[in-house]
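This is work03.json. It holds JSON, C-alpha atoms.
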[["chain", "number", "residue", "atom", "x", "y", "z"],
["A", 1, "MET", "CA", -33.36, 14.88, -6.00],
["A", 2, "PRO", "CA", -30.18, 12.73, -5.63],
["A", 3, "PRO", "CA", -30.71, 9.03, -4.80],
["A", 4, "GLU", "CA", -30.42, 7.93, -1.14],
["A", 5, "ASN", "CA", -27.28, 5.80, -1.09],
["A", 6, "ALA", "CA", -25.12, 7.36, 1.65],
["A", 7, "GLY", "CA", -24.71, 3.96, 3.34],
["A", 8, "PHE", "CA", -22.47, 2.77, 0.49],
["A", 9, "MET", "CA", -20.33, 5.90, 0.85],
["A", 10, "VAL", "CA", -19.95, 5.42, 4.62],
["A", 11, "ALA", "CA", -19.04, 1.74, 4.14],
["A", 12, "ALA", "CA", -16.38, 2.60, 1.56],
["A", 13, "TYR", "CA", -14.78, 5.32, 3.71],
["A", 14, "VAL", "CA", -14.74, 3.07, 6.78],
["A", 15, "ILE", "CA", -13.09, 0.25, 4.79],
["A", 16, "VAL", "CA", -10.43, 2.61, 3.41],
["A", 17, "ALA", "CA", -9.62, 3.86, 6.94],
["A", 18, "VAL", "CA", -9.42, 0.29, 8.29],
["A", 19, "ILE", "CA", -7.10, -0.89, 5.50],
["A", 20, "VAL", "CA", -4.81, 2.18, 5.65],
["A", 21, "VAL", "CA", -4.50, 2.31, 9.45],
["A", 22, "GLY", "CA", -4.29, -1.50, 9.66],
["A", 23, "TYR", "CA", -1.45, -1.62, 7.15],
["A", 24, "ALA", "CA", 0.44, 1.22, 8.90],
["A", 25, "VAL", "CA", 0.12, -0.57, 12.26],
["A", 26, "SER", "CA", 1.18, -3.88, 10.67],
["A", 27, "LEU", "CA", 4.35, -2.26, 9.27],
["A", 28, "MET", "CA", 5.26, -0.72, 12.62],
["A", 29, "LEU", "CA", 4.62, -3.95, 14.52],
["A", 30, "ARG", "CA", 6.72, -5.94, 12.04],
["A", 31, "ILE", "CA", 9.59, -3.43, 12.35],
["A", 32, "ARG", "CA", 9.34, -3.65, 16.14],
["A", 33, "ALA", "CA", 9.31, -7.45, 16.01],
["A", 34, "VAL", "CA", 12.41, -7.68, 13.81],
["A", 35, "ARG", "CA", 14.16, -5.19, 16.09],
["A", 36, "ARG", "CA", 13.24, -7.29, 19.12],
["A", 37, "ARG", "CA", 14.92, -10.31, 17.51],
["A", 38, "THR", "CA", 18.05, -8.31, 16.64],
["A", 39, "LEU", "CA", 21.10, -9.39, 18.61],
["A", 40, "THR", "CA", 22.76, -5.99, 19.22],
["A", 41, "PRO", "CA", 20.55, -3.06, 20.26],
["A", 42, "SER", "CA", 20.69, 0.33, 18.53],
["A", 43, "SER", "CA", 20.00, 3.67, 20.24],
["A", 44, "SER", "CA", 18.40, 5.15, 17.08],
["A", 45, "ALA", "CA", 15.51, 2.68, 16.84],
["A", 46, "PRO", "CA", 12.26, 4.40, 15.74],
["A", 47, "PHE", "CA", 9.95, 1.83, 17.37],
["A", 48, "PRO", "CA", 12.09, 0.52, 20.24],
["A", 49, "ALA", "CA", 11.25, -2.94, 21.42],
["A", 50, "PRO", "CA", 10.27, -3.16, 25.08],
["A", 51, "THR", "CA", 13.20, -4.17, 27.23],
["A", 52, "ALA", "CA", 13.00, -7.54, 28.93],
["A", 53, "ALA", "CA", 11.60, -7.46, 32.48],
["A", 54, "PRO", "CA", 14.04, -8.41, 35.27],
["A", 55, "PRO", "CA", 13.70, -12.03, 36.39],
["A", 56, "ALA", "CA", 11.13, -12.56, 39.18],
["A", 57, "PRO", "CA", 12.57, -13.50, 42.61],
["A", 58, "LEU", "CA", 12.37, -17.16, 43.49],
["A", 59, "PRO", "CA", 9.45, -18.08, 45.81],
["A", 60, "ARG", "CA", 10.36, -18.57, 49.41],
["A", 61, "ASP", "CA", 10.70, -22.21, 50.47],
["A", 62, "PRO", "CA", 7.55, -22.99, 52.57],
["A", 63, "ARG", "CA", 9.16, -25.95, 54.38],
["A", 64, "PRO", "CA", 10.01, -25.37, 58.10],
["A", 65, "ARG", "CA", 13.70, -24.95, 58.74],
["B", 1, "MET", "CA", 26.72, 3.36, 8.23],
["B", 2, "THR", "CA", 25.64, -0.22, 8.86],
["B", 3, "LEU", "CA", 22.62, -1.86, 7.22],
["B", 4, "ARG", "CA", 20.71, -1.70, 10.49],
["B", 5, "GLU", "CA", 21.47, 1.95, 11.15],
["B", 6, "ARG", "CA", 20.29, 2.75, 7.63],
["B", 7, "GLY", "CA", 17.13, 0.70, 8.23],
["B", 8, "ASP", "CA", 16.47, 2.55, 11.49],
["B", 9, "ARG", "CA", 16.95, 5.94, 9.87],
["B", 10, "ILE", "CA", 14.64, 5.16, 6.93],
["B", 11, "ALA", "CA", 12.03, 3.74, 9.33],
["B", 12, "ARG", "CA", 12.12, 6.95, 11.35],
["B", 13, "VAL", "CA", 11.65, 9.16, 8.26],
["B", 14, "GLY", "CA", 8.98, 6.76, 6.93],
["B", 15, "ALA", "CA", 7.06, 6.97, 10.21],
["B", 16, "VAL", "CA", 7.02, 10.78, 10.04],
["B", 17, "VAL", "CA", 5.93, 10.80, 6.36],
["B", 18, "THR", "CA", 3.21, 8.19, 7.06],
["B", 19, "ALA", "CA", 1.93, 10.15, 10.08],
["B", 20, "ALA", "CA", 1.75, 13.32, 7.95],
["B", 21, "ALA", "CA", -0.10, 11.42, 5.22],
["B", 22, "LEU", "CA", -2.59, 9.99, 7.74],
["B", 23, "LEU", "CA", -3.30, 13.53, 8.95],
["B", 24, "GLY", "CA", -3.74, 14.52, 5.31],
["B", 25, "LEU", "CA", -6.18, 11.64, 4.87],
["B", 26, "VAL", "CA", -8.28, 13.05, 7.72],
["B", 27, "GLY", "CA", -8.29, 16.34, 5.79],
["B", 28, "VAL", "CA", -9.41, 14.54, 2.63],
["B", 29, "TYR", "CA", -12.26, 12.86, 4.54],
["B", 30, "VAL", "CA", -13.45, 16.20, 5.94],
["B", 31, "ARG", "CA", -13.20, 17.96, 2.58],
["B", 32, "ALA", "CA", -14.84, 15.14, 0.61],
["B", 33, "LEU", "CA", -17.65, 14.38, 3.05],
["B", 34, "VAL", "CA", -18.47, 17.90, 4.32],
["B", 35, "TYR", "CA", -17.36, 20.53, 1.80],
["B", 36, "THR", "CA", -17.63, 18.82, -1.60],
["B", 37, "PRO", "CA", -21.12, 18.99, -3.18],
["B", 38, "VAL", "CA", -23.21, 15.86, -3.70],
["B", 39, "GLU", "CA", -23.44, 14.84, -7.35],
["B", 40, "ALA", "CA", -27.05, 15.17, -8.58],
["B", 41, "ALA", "CA", -27.39, 11.95, -10.60],
["B", 42, "GLN", "CA", -25.38, 9.48, -8.44],
["B", 43, "GLY", "CA", -26.01, 10.88, -4.96],
["B", 44, "ALA", "CA", -23.65, 10.46, -1.99],
["B", 45, "ALA", "CA", -22.21, 7.22, -3.39],
["B", 46, "GLN", "CA", -20.34, 9.30, -5.98],
["B", 47, "LYS", "CA", -18.07, 10.50, -3.15],
["B", 48, "ILE", "CA", -16.46, 7.05, -3.15],
["B", 49, "PHE", "CA", -14.72, 8.46, -6.22],
["B", 50, "TYR", "CA", -12.40, 10.53, -3.94],
["B", 51, "VAL", "CA", -10.87, 7.41, -2.40],
["B", 52, "HIS", "CA", -11.33, 4.93, -5.25],
["B", 53, "VAL", "CA", -9.47, 6.90, -7.95],
["B", 54, "PRO", "CA", -6.50, 7.95, -5.73],
["B", 55, "SER", "CA", -6.09, 4.35, -4.49],
["B", 56, "ALA", "CA", -6.09, 3.17, -8.12],
["B", 57, "TRP", "CA", -3.48, 5.83, -8.91],
["B", 58, "ALA", "CA", -1.27, 4.79, -5.96],
["B", 59, "CYS", "CA", -1.68, 1.10, -6.80],
["B", 60, "LEU", "CA", -0.73, 1.46, -10.47],
["B", 61, "MET", "CA", 2.16, 3.81, -9.57],
["B", 62, "ALA", "CA", 3.43, 1.23, -7.08],
["B", 63, "PHE", "CA", 3.31, -1.55, -9.66],
["B", 64, "VAL", "CA", 5.06, 0.62, -12.30],
["B", 65, "VAL", "CA", 7.80, 1.42, -9.76],
["B", 66, "THR", "CA", 8.10, -2.30, -8.96],
["B", 67, "GLY", "CA", 8.44, -3.11, -12.68],
["B", 68, "LEU", "CA", 11.08, -0.43, -13.29],
["B", 69, "LEU", "CA", 13.07, -1.45, -10.19],
["B", 70, "SER", "CA", 12.83, -5.08, -11.34],
["B", 71, "ILE", "CA", 14.46, -4.16, -14.66],
["B", 72, "LEU", "CA", 17.13, -2.25, -12.74],
["B", 73, "TYR", "CA", 17.70, -5.22, -10.42],
["B", 74, "LEU", "CA", 18.22, -7.66, -13.30],
["B", 75, "TRP", "CA", 20.76, -5.22, -14.72],
["B", 76, "LEU", "CA", 22.68, -4.19, -11.58],
["B", 77, "LYS", "CA", 22.02, -7.22, -9.29],
["B", 78, "ASP", "CA", 21.90, -4.96, -6.22],
["B", 79, "ARG", "CA", 19.86, -6.52, -3.40],
["B", 80, "ARG", "CA", 18.73, -3.14, -2.10],
["B", 81, "ILE", "CA", 16.93, -2.58, -5.44],
["B", 82, "ASP", "CA", 15.21, -5.95, -5.02],
["B", 83, "LEU", "CA", 14.13, -4.93, -1.50],
["B", 84, "ALA", "CA", 12.76, -1.62, -2.80],
["B", 85, "ALA", "CA", 10.84, -3.41, -5.58],
["B", 86, "ALA", "CA", 9.33, -5.82, -3.05],
["B", 87, "ALA", "CA", 8.41, -2.92, -0.76],
["B", 88, "SER", "CA", 6.61, -1.12, -3.58],
["B", 89, "ALA", "CA", 4.82, -4.34, -4.60],
["B", 90, "GLU", "CA", 3.46, -4.99, -1.10],
["B", 91, "VAL", "CA", 2.31, -1.38, -0.70],
["B", 92, "GLY", "CA", 0.72, -1.55, -4.15],
["B", 93, "LEU", "CA", -1.17, -4.64, -3.04],
["B", 94, "ALA", "CA", -2.59, -2.71, -0.05],
["B", 95, "PHE", "CA", -3.82, 0.05, -2.39],
["B", 96, "ALA", "CA", -5.15, -2.56, -4.84],
["B", 97, "THR", "CA", -7.21, -4.01, -1.98],
["B", 98, "ILE", "CA", -8.72, -0.56, -1.39],
["B", 99, "MET", "CA", -9.40, -0.13, -5.11],
["B", 100, "LEU", "CA", -11.01, -3.56, -5.46],
["B", 101, "THR", "CA", -13.26, -3.11, -2.42],
["B", 102, "THR", "CA", -14.37, 0.49, -2.98],
["B", 103, "GLY", "CA", -15.05, -0.16, -6.68],
["B", 104, "PRO", "CA", -17.80, -2.76, -6.14],
["B", 105, "ILE", "CA", -19.27, -0.71, -3.25],
["B", 106, "TRP", "CA", -19.59, 2.20, -5.69],
["B", 107, "GLY", "CA", -20.77, -0.06, -8.52],
["B", 108, "LYS", "CA", -23.68, -1.63, -6.64],
["B", 109, "PRO", "CA", -25.85, 1.53, -6.29],
["B", 110, "ILE", "CA", -24.81, 2.98, -9.67],
["B", 111, "TRP", "CA", -24.58, -0.06, -11.99],
["B", 112, "GLY", "CA", -26.94, -2.29, -10.02],
["B", 113, "THR", "CA", -24.27, -4.99, -9.59],
["B", 114, "TRP", "CA", -21.26, -5.51, -7.35],
["B", 115, "TRP", "CA", -19.09, -6.96, -10.10],
["B", 116, "THR", "CA", -19.06, -7.56, -13.84],
["B", 117, "TRP", "CA", -16.49, -9.55, -15.78],
["B", 118, "ASP", "CA", -15.58, -6.79, -18.22],
["B", 119, "ALA", "CA", -12.08, -6.00, -19.43],
["B", 120, "ARG", "CA", -11.20, -3.25, -16.90],
["B", 121, "LEU", "CA", -12.36, -5.07, -13.79],
["B", 122, "THR", "CA", -11.06, -8.47, -14.85],
["B", 123, "SER", "CA", -7.60, -7.21, -15.86],
["B", 124, "THR", "CA", -7.33, -5.27, -12.57],
["B", 125, "LEU", "CA", -8.23, -8.39, -10.60],
["B", 126, "PHE", "CA", -5.65, -10.31, -12.64],
["B", 127, "LEU", "CA", -2.99, -7.71, -11.74],
["B", 128, "PHE", "CA", -3.95, -8.01, -8.05],
["B", 129, "LEU", "CA", -3.62, -11.82, -8.17],
["B", 130, "LEU", "CA", -0.31, -11.52, -10.02],
["B", 131, "PHE", "CA", 1.10, -9.50, -7.11],
["B", 132, "VAL", "CA", -0.39, -11.89, -4.54],
["B", 133, "GLY", "CA", 1.66, -14.54, -6.38],
["B", 134, "TYR", "CA", 4.69, -12.21, -6.27],
["B", 135, "ILE", "CA", 4.47, -11.89, -2.48],
["B", 136, "VAL", "CA", 3.82, -15.63, -1.98],
["B", 137, "LEU", "CA", 6.78, -16.50, -4.24],
["B", 138, "ARG", "CA", 9.09, -14.22, -2.23],
["B", 139, "GLY", "CA", 7.97, -15.92, 0.96],
["B", 140, "VAL", "CA", 8.67, -19.40, -0.42],
["B", 141, "LEU", "CA", 12.11, -18.85, -2.00],
["B", 142, "THR", "CA", 14.96, -18.72, 0.50],
["B", 143, "ASP", "CA", 17.92, -18.03, -1.78],
["B", 144, "PRO", "CA", 18.09, -14.20, -2.16],
["B", 145, "GLY", "CA", 19.50, -14.36, -5.71],
["B", 146, "VAL", "CA", 16.81, -16.73, -7.00],
["B", 147, "ARG", "CA", 14.11, -14.84, -5.09],
["B", 148, "GLY", "CA", 15.20, -11.51, -6.59],
["B", 149, "ARG", "CA", 15.46, -12.90, -10.15],
["B", 150, "PHE", "CA", 12.12, -14.74, -10.15],
["B", 151, "SER", "CA", 10.17, -11.91, -8.55],
["B", 152, "ALA", "CA", 11.80, -9.39, -10.93],
["B", 153, "VAL", "CA", 10.41, -11.37, -13.88],
["B", 154, "ILE", "CA", 6.88, -11.18, -12.41],
["B", 155, "GLY", "CA", 7.35, -7.48, -11.69],
["B", 156, "ILE", "CA", 8.32, -6.82, -15.32],
["B", 157, "MET", "CA", 5.36, -8.86, -16.62],
["B", 158, "ALA", "CA", 3.03, -6.77, -14.47],
["B", 159, "LEU", "CA", 4.61, -3.58, -15.78],
["B", 160, "PHE", "CA", 3.31, -4.39, -19.27],
["B", 161, "LEU", "CA", -0.19, -4.98, -17.86],
["B", 162, "VAL", "CA", -0.52, -1.45, -16.37],
["B", 163, "PRO", "CA", -0.87, 0.54, -19.66],
["B", 164, "PHE", "CA", -3.18, -2.17, -20.97],
["B", 165, "ILE", "CA", -5.46, -1.70, -17.94],
["B", 166, "HIS", "CA", -5.50, 2.06, -18.54],
["B", 167, "LEU", "CA", -6.51, 1.53, -22.19],
["B", 168, "THR", "CA", -9.16, -1.16, -21.61],
["B", 169, "VAL", "CA", -11.94, 1.45, -21.37],
["B", 170, "TYR", "CA", -11.06, 2.58, -24.91],
["B", 171, "LEU", "CA", -10.37, -0.86, -26.40],
["B", 172, "PHE", "CA", -13.39, -2.78, -25.05],
["B", 173, "ARG", "CA", -17.05, -2.20, -24.24],
["B", 174, "THR", "CA", -17.15, -1.76, -20.48],
["B", 175, "LEU", "CA", -19.37, -0.43, -17.68],
["B", 176, "HIS", "CA", -16.35, 1.31, -16.14],
["B", 177, "PRO", "CA", -16.20, 5.06, -16.95],
["B", 178, "ALA", "CA", -13.36, 6.48, -19.07],
["B", 179, "PRO", "CA", -10.59, 8.54, -17.39],
["B", 180, "ILE", "CA", -11.62, 12.11, -16.52],
["B", 181, "ILE", "CA", -8.13, 13.48, -15.82],
["B", 182, "LEU", "CA", -5.52, 11.27, -17.51],
["B", 183, "LYS", "CA", -6.83, 11.93, -21.01],
["B", 184, "PRO", "CA", -5.78, 14.18, -23.93],
["B", 185, "SER", "CA", -8.52, 16.82, -23.34],
["B", 186, "ARG", "CA", -9.17, 18.95, -20.21],
["B", 187, "PRO", "CA", -10.45, 17.27, -16.99],
["B", 188, "SER", "CA", -14.24, 16.92, -17.17],
["B", 189, "LEU", "CA", -15.03, 17.68, -13.52],
["B", 190, "PRO", "CA", -16.36, 20.78, -11.69],
["B", 191, "GLY", "CA", -13.73, 22.83, -9.81],
["B", 192, "ASP", "CA", -14.75, 21.79, -6.26],
["B", 193, "MET", "CA", -14.73, 18.11, -7.11],
["B", 194, "LEU", "CA", -11.46, 18.38, -9.05],
["B", 195, "ALA", "CA", -9.74, 20.13, -6.09],
["B", 196, "THR", "CA", -10.89, 17.38, -3.68],
["B", 197, "LEU", "CA", -9.73, 14.70, -6.08],
["B", 198, "LEU", "CA", -6.31, 16.30, -6.59],
["B", 199, "LEU", "CA", -5.89, 16.75, -2.82],
["B", 200, "SER", "CA", -6.70, 13.10, -2.31],
["B", 201, "VAL", "CA", -4.32, 12.00, -5.08],
["B", 202, "GLY", "CA", -1.57, 14.04, -3.40],
["B", 203, "VAL", "CA", -2.27, 12.52, 0.02],
["B", 204, "PHE", "CA", -2.35, 8.98, -1.35],
["B", 205, "THR", "CA", 0.97, 9.63, -3.12],
["B", 206, "VAL", "CA", 2.58, 10.77, 0.16],
["B", 207, "LEU", "CA", 0.99, 7.77, 1.90],
["B", 208, "TYR", "CA", 2.56, 5.51, -0.73],
["B", 209, "LEU", "CA", 5.98, 7.09, -0.11],
["B", 210, "GLY", "CA", 5.66, 6.70, 3.67],
["B", 211, "PHE", "CA", 4.54, 3.07, 3.41],
["B", 212, "VAL", "CA", 7.32, 2.22, 0.95],
["B", 213, "MET", "CA", 9.93, 3.76, 3.26],
["B", 214, "LEU", "CA", 8.63, 1.75, 6.23],
["B", 215, "ARG", "CA", 8.44, -1.48, 4.20],
["B", 216, "TYR", "CA", 11.92, -0.92, 2.72],
["B", 217, "ALA", "CA", 13.31, -0.27, 6.21],
["B", 218, "LEU", "CA", 11.72, -3.52, 7.36],
["B", 219, "GLY", "CA", 13.51, -5.34, 4.52],
["B", 220, "LEU", "CA", 16.85, -3.76, 5.47],
["B", 221, "LEU", "CA", 16.40, -4.67, 9.15],
["B", 222, "ARG", "CA", 15.59, -8.28, 8.20],
["B", 223, "GLU", "CA", 18.74, -8.40, 6.03],
["B", 224, "ALA", "CA", 20.78, -6.98, 8.93],
["B", 225, "ARG", "CA", 19.32, -9.63, 11.23],
["B", 226, "GLU", "CA", 20.24, -12.42, 8.78],
["B", 227, "GLU", "CA", 23.77, -11.03, 8.50],
["B", 228, "GLU", "CA", 24.10, -10.95, 12.29],
["B", 229, "LEU", "CA", 22.92, -14.56, 12.53],
["B", 230, "ALA", "CA", 25.37, -15.61, 9.80],
["B", 231, "ASP", "CA", 28.22, -13.84, 11.62],
["B", 232, "ALA", "CA", 27.26, -15.38, 14.97],
["B", 233, "SER", "CA", 27.18, -18.98, 13.62]]

Could you write out this file's structure as structure tokens?
Amino acid sequence: MPPENAGFMVAAYVIVAVIVVGYAVSLMLRIRAVRRRTLTPSSSAPFPAPTAAPPAPLPRDPRPR
Amino acid sequence: MTLRERGDRIARVGAVVTAAALLGLVGVYVRALVYTPVEAAQGAAQKIFYVHVPSAWACLMAFVVTGLLSILYLWLKDRRIDLAAAASAEVGLAFATIMLTTGPIWGKPIWGTWWTWDARLTSTLFLFLLFVGYIVLRGVLTDPGVRGRFSAVIGIMALFLVPFIHLTVYLFRTLHPAPIILKPSRPSLPGDMLATLLLSVGVFTVLYLGFVMLRYALGLLREAREEELADAS
């Protein structure tokens, strides 16, 4: 009868998944961040940075005319 | 092709390779956890083997590549080689983190202790800390020439440590088991388990390639950004 130690196995597999996926996401976010700071845009960007939102309209002046 | 276009292209290929490797990792999980038999003496904890050994393989491969590229950099003085060495070192550190966390989790139910200061474990921890120093040093030094030269020296020092780590189980008394595949005789593992292990080693190798491509692309894009800033000022 094998010993009951499946909890250790589950913990190890969860940790591996967290490290691997976390590192992949970290690489993609860092590439996106450096692209966002780049001065001239490129059309072939693999993780395109979000384009800046248009400036919000100025609030209307509440004073009576 | 400009530095940035090259960085973009390598990042795109790296993303595809990494995505394929992540799918492969799902396959490894299914095969290891569902279809590979439980080892009679160690129980389910033995299945940690299918992620621990491949991560050790990817880690040591990464550090060997870093060492060889470091030698090449000192010879050719090409900054792209320095960037590739740094990429491999950082990826190796990620795999070393997996190796150094799954090892103790496996050791606790089998050895009865999380950690022991024997030659294999201690030298592996030393290698990990050496590369933490490598990454910290690269972050501190601003001059690319000095940064490349200093980190290349550390990379070469670590290269000599890798074969020593492999041989520690033969040279010293240790709790850590001897290699079951990378040894002169045939692999001492049943067919099902060997197939799962080899699949996992393959997937971790592809994962290493994908990560290195992404990290190298990041280095190129940062270089391109610095060049743009220098041109603008």

*Find the residues of chain A in contact range of chain B, meaning any atom within 9 Å when counting all atoms listed in the file, and list them as a PyMOL selection string.*
chain A and resi 1-13+15-17+19-21+23-24+27-28+30-31+34-35+37-40+42+44-47

_For Leu161 in chain B: contacts at 12 Å, only C-alpha atoms, fewer than 6 positions along chain excluded, given as a ChimeraX atom specification_ = /B:60,63-64,67,120,122-128,130-131,154-155,167-168

*Rounded to one decimal in Å, what is the spacing between CA of Leu69 in chain B and CA of Asp82 in chain B?*
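Interatomic distance here is 7.2 Å.
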
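Nearest-residue note for Cys59 in chain B: choosing from B:Ala96, B:Leu3, B:Ile180, B:Leu175, the minimum distance belongs to B:Ala96, counting only C-alpha atoms.
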
_Atom pair CA of Phe204 in chain B / CA of Thr66 in chain B: separation (Å)_ = 17.2 Å

*How far is it from CA of Ala87 in chain B to CA of Gly133 in chain B, in Å with one decimal?*
14.6 Å

*asked:* Could you list, as a VMD selection string, every residue within 10 Å of Ala152 in chain B, counting all atoms listed in the file and ignoring same-chain residues fewer than 5 positions away?
replied: chain B and resid 66 to 74 82 85 to 86 134 146 to 147 157 to 158
